[in-house]
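S.K.: The structure under discussion is supplied below as structure tokens; questions concerning it will follow.
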Amino acid sequence: MSGATVATADLVGRRIRSERRVEFLDCDAYRHLSATGFLRFAIDHRFTATFDAFGLASPDTAVETGIAWPIVRCEMDFLAEASLGEVLVVESWIDRLSASSLEAAVRIRRKADERDCCRMRLVLVPFDLASRRAVPVPDRLPVRRIPDLDTLPWAEGHPRTP
């Protein structure tokens, strides 16, 4: 690891974005994205887009630091179907940060008409792999590179502060 870190609080409200096409294996019998497909899109986005935006490499840093970030709670609101072949936009941000957890918001919408298909709230807890116990949220997170936070848009409800 490079030794670079970023303040955890600085990531709150910074929206990251990725796109993904609905594939056959993501669908139910009606050729709609299944509930597990929506969750898989969110989890894949969590790993790939956070690495692209912040340089956070969750699986690598879990091995290197001994701290993993499992999802301990997931709430999903289904708002519209997504069909086979459609391109979806997945956006996420850390919505809330506490001493013991972080809450991430996820929004999945159709690219073509921008209609929301699913909104999720994921609660993640830092977990020490050696002691097998939850630990406090660290003040700083290890990153592969220092992110340029000024290039990332603010999420809804997180206005830019002076």
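Letters for chains follow the order of the structure tokens (A, B, ...), residue numbers begin at 1 for each chain, and ligand numbers begin at 1 in the order shown.
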Apply DSSP to the backbone of this structure and, from stretch 41-93 of chain A, keep only the residues in alpha helix (DSSP H); write these as a PyMOL selection string.

M.R.: chain A and resi 41-54+58-65

S.K.: Which of stretch 6-161 of chain A end up as strand (DSSP E or B) when DSSP is run on this backbone - answer as an mmCIF file with N, CA and C atoms, in the first residue's frame?

M.R.:
data_model
loop_
_atom_site.group_PDB
_atom_site.id
_atom_site.type_symbol
_atom_site.label_atom_id
_atom_site.label_comp_id
_atom_site.auth_asym_id
_atom_site.auth_seq_id
_atom_site.Cartn_x
_atom_site.Cartn_y
_atom_site.Cartn_z
ATOM 1 N N VAL A 6 -6.995 9.283 3.273
ATOM 2 C CA VAL A 6 -7.935 10.377 3.104
ATOM 3 C C VAL A 6 -8.829 10.400 4.342
ATOM 4 N N ALA A 7 -9.196 11.592 4.775
ATOM 5 C CA ALA A 7 -10.087 11.712 5.935
ATOM 6 C C ALA A 7 -11.445 11.107 5.592
ATOM 7 N N VAL A 12 -17.917 11.971 2.863
ATOM 8 C CA VAL A 12 -19.370 12.042 3.072
ATOM 9 C C VAL A 12 -19.991 13.010 2.064
ATOM 10 N N ARG A 14 -20.008 12.831 -1.196
ATOM 11 C CA ARG A 14 -19.402 12.866 -2.528
ATOM 12 C C ARG A 14 -19.960 11.723 -3.363
ATOM 13 N N ILE A 16 -20.458 9.180 -6.410
ATOM 14 C CA ILE A 16 -19.711 8.482 -7.451
ATOM 15 C C ILE A 16 -20.692 7.764 -8.364
ATOM 16 N N ARG A 17 -20.280 7.549 -9.599
ATOM 17 C CA ARG A 17 -21.212 7.084 -10.634
ATOM 18 C C ARG A 17 -20.552 6.017 -11.486
ATOM 19 N N SER A 18 -21.359 5.044 -11.899
ATOM 20 C CA SER A 18 -20.921 4.049 -12.876
ATOM 21 C C SER A 18 -22.136 3.655 -13.720
ATOM 22 N N GLU A 19 -21.877 2.961 -14.808
ATOM 23 C CA GLU A 19 -22.956 2.475 -15.674
ATOM 24 C C GLU A 19 -22.798 0.982 -15.868
ATOM 25 N N ARG A 20 -23.934 0.329 -16.072
ATOM 26 C CA ARG A 20 -23.908 -1.116 -16.302
ATOM 27 C C ARG A 20 -25.144 -1.518 -17.098
ATOM 28 N N ARG A 21 -24.948 -2.436 -18.029
ATOM 29 C CA ARG A 21 -26.051 -2.961 -18.849
ATOM 30 C C ARG A 21 -26.665 -4.172 -18.148
ATOM 31 N N CYS A 27 -31.442 -11.234 -14.780
ATOM 32 C CA CYS A 27 -32.899 -11.089 -14.911
ATOM 33 C C CYS A 27 -33.690 -12.234 -14.300
ATOM 34 N N HIS A 32 -36.816 -8.921 -16.387
ATOM 35 C CA HIS A 32 -36.585 -7.718 -15.583
ATOM 36 C C HIS A 32 -35.416 -7.984 -14.651
ATOM 37 N N LEU A 33 -34.674 -6.946 -14.323
ATOM 38 C CA LEU A 33 -33.591 -7.084 -13.359
ATOM 39 C C LEU A 33 -34.184 -7.569 -12.036
ATOM 40 N N ILE A 67 -8.881 -4.968 8.278
ATOM 41 C CA ILE A 67 -10.217 -4.405 8.522
ATOM 42 C C ILE A 67 -11.055 -4.569 7.259
ATOM 43 N N ALA A 68 -12.199 -5.223 7.397
ATOM 44 C CA ALA A 68 -13.154 -5.378 6.300
ATOM 45 C C ALA A 68 -14.368 -4.501 6.586
ATOM 46 N N ILE A 71 -21.472 -5.356 4.750
ATOM 47 C CA ILE A 71 -22.800 -4.749 4.800
ATOM 48 C C ILE A 71 -23.573 -5.496 5.876
ATOM 49 N N VAL A 72 -24.029 -4.772 6.891
ATOM 50 C CA VAL A 72 -24.775 -5.410 7.984
ATOM 51 C C VAL A 72 -26.280 -5.151 7.886
ATOM 52 N N ARG A 73 -26.652 -4.220 7.021
ATOM 53 C CA ARG A 73 -28.071 -3.931 6.822
ATOM 54 C C ARG A 73 -28.257 -3.396 5.404
ATOM 55 N N CYS A 74 -29.355 -3.826 4.785
ATOM 56 C CA CYS A 74 -29.668 -3.375 3.431
ATOM 57 C C CYS A 74 -31.169 -3.151 3.326
ATOM 58 N N GLU A 75 -31.546 -1.951 2.913
ATOM 59 C CA GLU A 75 -32.951 -1.640 2.639
ATOM 60 C C GLU A 75 -33.058 -1.272 1.175
ATOM 61 N N MET A 76 -34.050 -1.847 0.490
ATOM 62 C CA MET A 76 -34.228 -1.588 -0.935
ATOM 63 C C MET A 76 -35.651 -1.132 -1.198
ATOM 64 N N ASP A 77 -35.782 -0.050 -1.947
ATOM 65 C CA ASP A 77 -37.087 0.430 -2.398
ATOM 66 C C ASP A 77 -37.117 0.289 -3.914
ATOM 67 N N PHE A 78 -38.029 -0.543 -4.408
ATOM 68 C CA PHE A 78 -38.158 -0.755 -5.846
ATOM 69 C C PHE A 78 -39.168 0.238 -6.402
ATOM 70 N N SER A 83 -35.161 -3.515 -17.574
ATOM 71 C CA SER A 83 -35.299 -4.675 -18.464
ATOM 72 C C SER A 83 -33.977 -5.074 -19.111
ATOM 73 N N VAL A 87 -29.352 0.119 -20.141
ATOM 74 C CA VAL A 87 -28.184 0.617 -19.432
ATOM 75 C C VAL A 87 -28.677 1.366 -18.198
ATOM 76 N N LEU A 88 -28.104 1.017 -17.060
ATOM 77 C CA LEU A 88 -28.473 1.648 -15.801
ATOM 78 C C LEU A 88 -27.314 2.485 -15.282
ATOM 79 N N VAL A 89 -27.664 3.559 -14.624
ATOM 80 C CA VAL A 89 -26.692 4.409 -13.957
ATOM 81 C C VAL A 89 -26.781 4.090 -12.465
ATOM 82 N N VAL A 90 -25.647 3.771 -11.872
ATOM 83 C CA VAL A 90 -25.575 3.478 -10.446
ATOM 84 C C VAL A 90 -24.792 4.612 -9.796
ATOM 85 N N GLU A 91 -25.410 5.254 -8.818
ATOM 86 C CA GLU A 91 -24.758 6.336 -8.085
ATOM 87 C C GLU A 91 -24.793 5.992 -6.603
ATOM 88 N N SER A 92 -23.729 6.361 -5.900
ATOM 89 C CA SER A 92 -23.715 6.123 -4.458
ATOM 90 C C SER A 92 -22.905 7.193 -3.764
ATOM 91 N N TRP A 93 -23.156 7.301 -2.473
ATOM 92 C CA TRP A 93 -22.420 8.241 -1.635
ATOM 93 C C TRP A 93 -22.567 7.819 -0.188
ATOM 94 N N ILE A 94 -21.597 8.227 0.623
ATOM 95 C CA ILE A 94 -21.719 8.025 2.064
ATOM 96 C C ILE A 94 -22.658 9.110 2.549
ATOM 97 N N ASP A 95 -23.789 8.688 3.083
ATOM 98 C CA ASP A 95 -24.811 9.639 3.507
ATOM 99 C C ASP A 95 -24.622 10.059 4.961
ATOM 100 N N ARG A 96 -24.244 9.103 5.801
ATOM 101 C CA ARG A 96 -24.060 9.384 7.224
ATOM 102 C C ARG A 96 -22.856 8.613 7.738
ATOM 103 N N LEU A 97 -22.197 9.223 8.681
ATOM 104 C CA LEU A 97 -21.031 8.621 9.291
ATOM 105 C C LEU A 97 -21.192 8.718 10.802
ATOM 106 N N LEU A 102 -20.980 3.395 8.800
ATOM 107 C CA LEU A 102 -21.297 4.396 7.790
ATOM 108 C C LEU A 102 -22.515 3.909 7.033
ATOM 109 N N GLU A 103 -23.325 4.863 6.596
ATOM 110 C CA GLU A 103 -24.525 4.545 5.834
ATOM 111 C C GLU A 103 -24.345 5.079 4.429
ATOM 112 N N ALA A 104 -24.429 4.170 3.477
ATOM 113 C CA ALA A 104 -24.287 4.546 2.075
ATOM 114 C C ALA A 104 -25.662 4.563 1.414
ATOM 115 N N ALA A 105 -25.894 5.557 0.593
ATOM 116 C CA ALA A 105 -27.109 5.631 -0.213
ATOM 117 C C ALA A 105 -26.741 5.200 -1.628
ATOM 118 N N VAL A 106 -27.621 4.441 -2.256
ATOM 119 C CA VAL A 106 -27.414 3.978 -3.627
ATOM 120 C C VAL A 106 -28.665 4.286 -4.422
ATOM 121 N N ARG A 107 -28.467 4.824 -5.596
ATOM 122 C CA ARG A 107 -29.577 5.130 -6.507
ATOM 123 C C ARG A 107 -29.267 4.467 -7.836
ATOM 124 N N ILE A 108 -30.207 3.648 -8.324
ATOM 125 C CA ILE A 108 -30.043 2.988 -9.620
ATOM 126 C C ILE A 108 -31.177 3.471 -10.512
ATOM 127 N N ARG A 109 -30.808 4.044 -11.649
ATOM 128 C CA ARG A 109 -31.814 4.599 -12.554
ATOM 129 C C ARG A 109 -31.516 4.204 -13.987
ATOM 130 N N ARG A 110 -32.561 4.250 -14.819
ATOM 131 C CA ARG A 110 -32.382 3.976 -16.247
ATOM 132 C C ARG A 110 -31.673 5.159 -16.894
ATOM 133 N N ASP A 116 -35.826 6.617 -11.754
ATOM 134 C CA ASP A 116 -35.286 5.792 -10.678
ATOM 135 C C ASP A 116 -35.929 4.417 -10.698
ATOM 136 N N CYS A 117 -35.104 3.387 -10.594
ATOM 137 C CA CYS A 117 -35.586 2.012 -10.524
ATOM 138 C C CYS A 117 -35.503 1.465 -9.100
ATOM 139 N N CYS A 118 -34.440 1.837 -8.398
ATOM 140 C CA CYS A 118 -34.231 1.307 -7.050
ATOM 141 C C CYS A 118 -33.399 2.291 -6.243
ATOM 142 N N ARG A 119 -33.750 2.420 -4.990
ATOM 143 C CA ARG A 119 -32.938 3.182 -4.035
ATOM 144 C C ARG A 119 -32.626 2.246 -2.884
ATOM 145 N N MET A 120 -31.400 2.323 -2.413
ATOM 146 C CA MET A 120 -30.957 1.451 -1.325
ATOM 147 C C MET A 120 -30.267 2.259 -0.244
ATOM 148 N N ARG A 121 -30.304 1.690 0.951
ATOM 149 C CA ARG A 121 -29.509 2.197 2.069
ATOM 150 C C ARG A 121 -28.725 1.003 2.581
ATOM 151 N N LEU A 122 -27.425 1.157 2.606
ATOM 152 C CA LEU A 122 -26.542 0.094 3.070
ATOM 153 C C LEU A 122 -25.796 0.587 4.305
ATOM 154 N N VAL A 123 -25.824 -0.193 5.356
ATOM 155 C CA VAL A 123 -25.060 0.133 6.558
ATOM 156 C C VAL A 123 -23.844 -0.795 6.572
ATOM 157 N N LEU A 124 -22.667 -0.179 6.663
ATOM 158 C CA LEU A 124 -21.408 -0.916 6.693
ATOM 159 C C LEU A 124 -20.701 -0.656 8.012
ATOM 160 N N PHE A 127 -14.841 -4.065 10.510
ATOM 161 C CA PHE A 127 -14.775 -5.347 11.213
ATOM 162 C C PHE A 127 -13.330 -5.828 11.224
ATOM 163 N N ASP A 128 -12.789 -6.031 12.430
ATOM 164 C CA ASP A 128 -11.416 -6.508 12.576
ATOM 165 C C ASP A 128 -11.393 -8.013 12.295
ATOM 166 N N ARG A 133 -14.380 -8.894 15.536
ATOM 167 C CA ARG A 133 -15.264 -7.942 16.210
ATOM 168 C C ARG A 133 -15.333 -6.635 15.427
ATOM 169 N N ALA A 134 -16.461 -5.949 15.584
ATOM 170 C CA ALA A 134 -16.604 -4.611 15.011
ATOM 171 C C ALA A 134 -15.658 -3.663 15.741
ATOM 172 N N ARG A 140 -9.259 8.074 9.229
ATOM 173 C CA ARG A 140 -8.667 8.134 7.896
ATOM 174 C C ARG A 140 -8.734 6.753 7.257
ATOM 175 N N LEU A 141 -8.859 6.735 5.933
ATOM 176 C CA LEU A 141 -8.904 5.483 5.179
ATOM 177 C C LEU A 141 -7.703 5.392 4.249
ATOM 178 N N PRO A 142 -7.116 4.199 4.129
ATOM 179 C CA PRO A 142 -6.003 4.039 3.199
ATOM 180 C C PRO A 142 -6.508 4.076 1.756
ATOM 181 N N TRP A 154 -21.568 16.741 -5.432
ATOM 182 C CA TRP A 154 -22.231 16.506 -4.153
ATOM 183 C C TRP A 154 -23.525 15.749 -4.392
#

S.K.: Which residue, A:Phe47, A:Val137, A:Glu156, A:Thr36, has the smallest gap to A:Asp60 when you use only C-alpha atoms?

M.R.: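 Answer, going by the shortest atom-to-atom distance: A:Phe47.
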
S.K.: Quick one: everything within 9 Å of A:Gly85, counting only C-alpha atoms, minus sequence neighbours fewer than 4 positions away in the same chain. Send it as a list of chain:residue names.

M.R.: A:Arg21, A:Val22, A:Glu23, A:Phe24

S.K.: For A:Pro147, which residue out of A:Leu25, A:Ala53, A:Leu39, A:Leu84 is the nearest one, using only C-alpha atoms?

M.R.: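 Closest to A:Pro147 of all the choices is A:Ala53.
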
S.K.: Using only C-alpha atoms, which residue out of A:Leu149, A:Ala80, A:Ala155, A:Ala99 lies closest to A:Pro136?

M.R.: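 Of all the options, A:Ala99 lies closest to A:Pro136.
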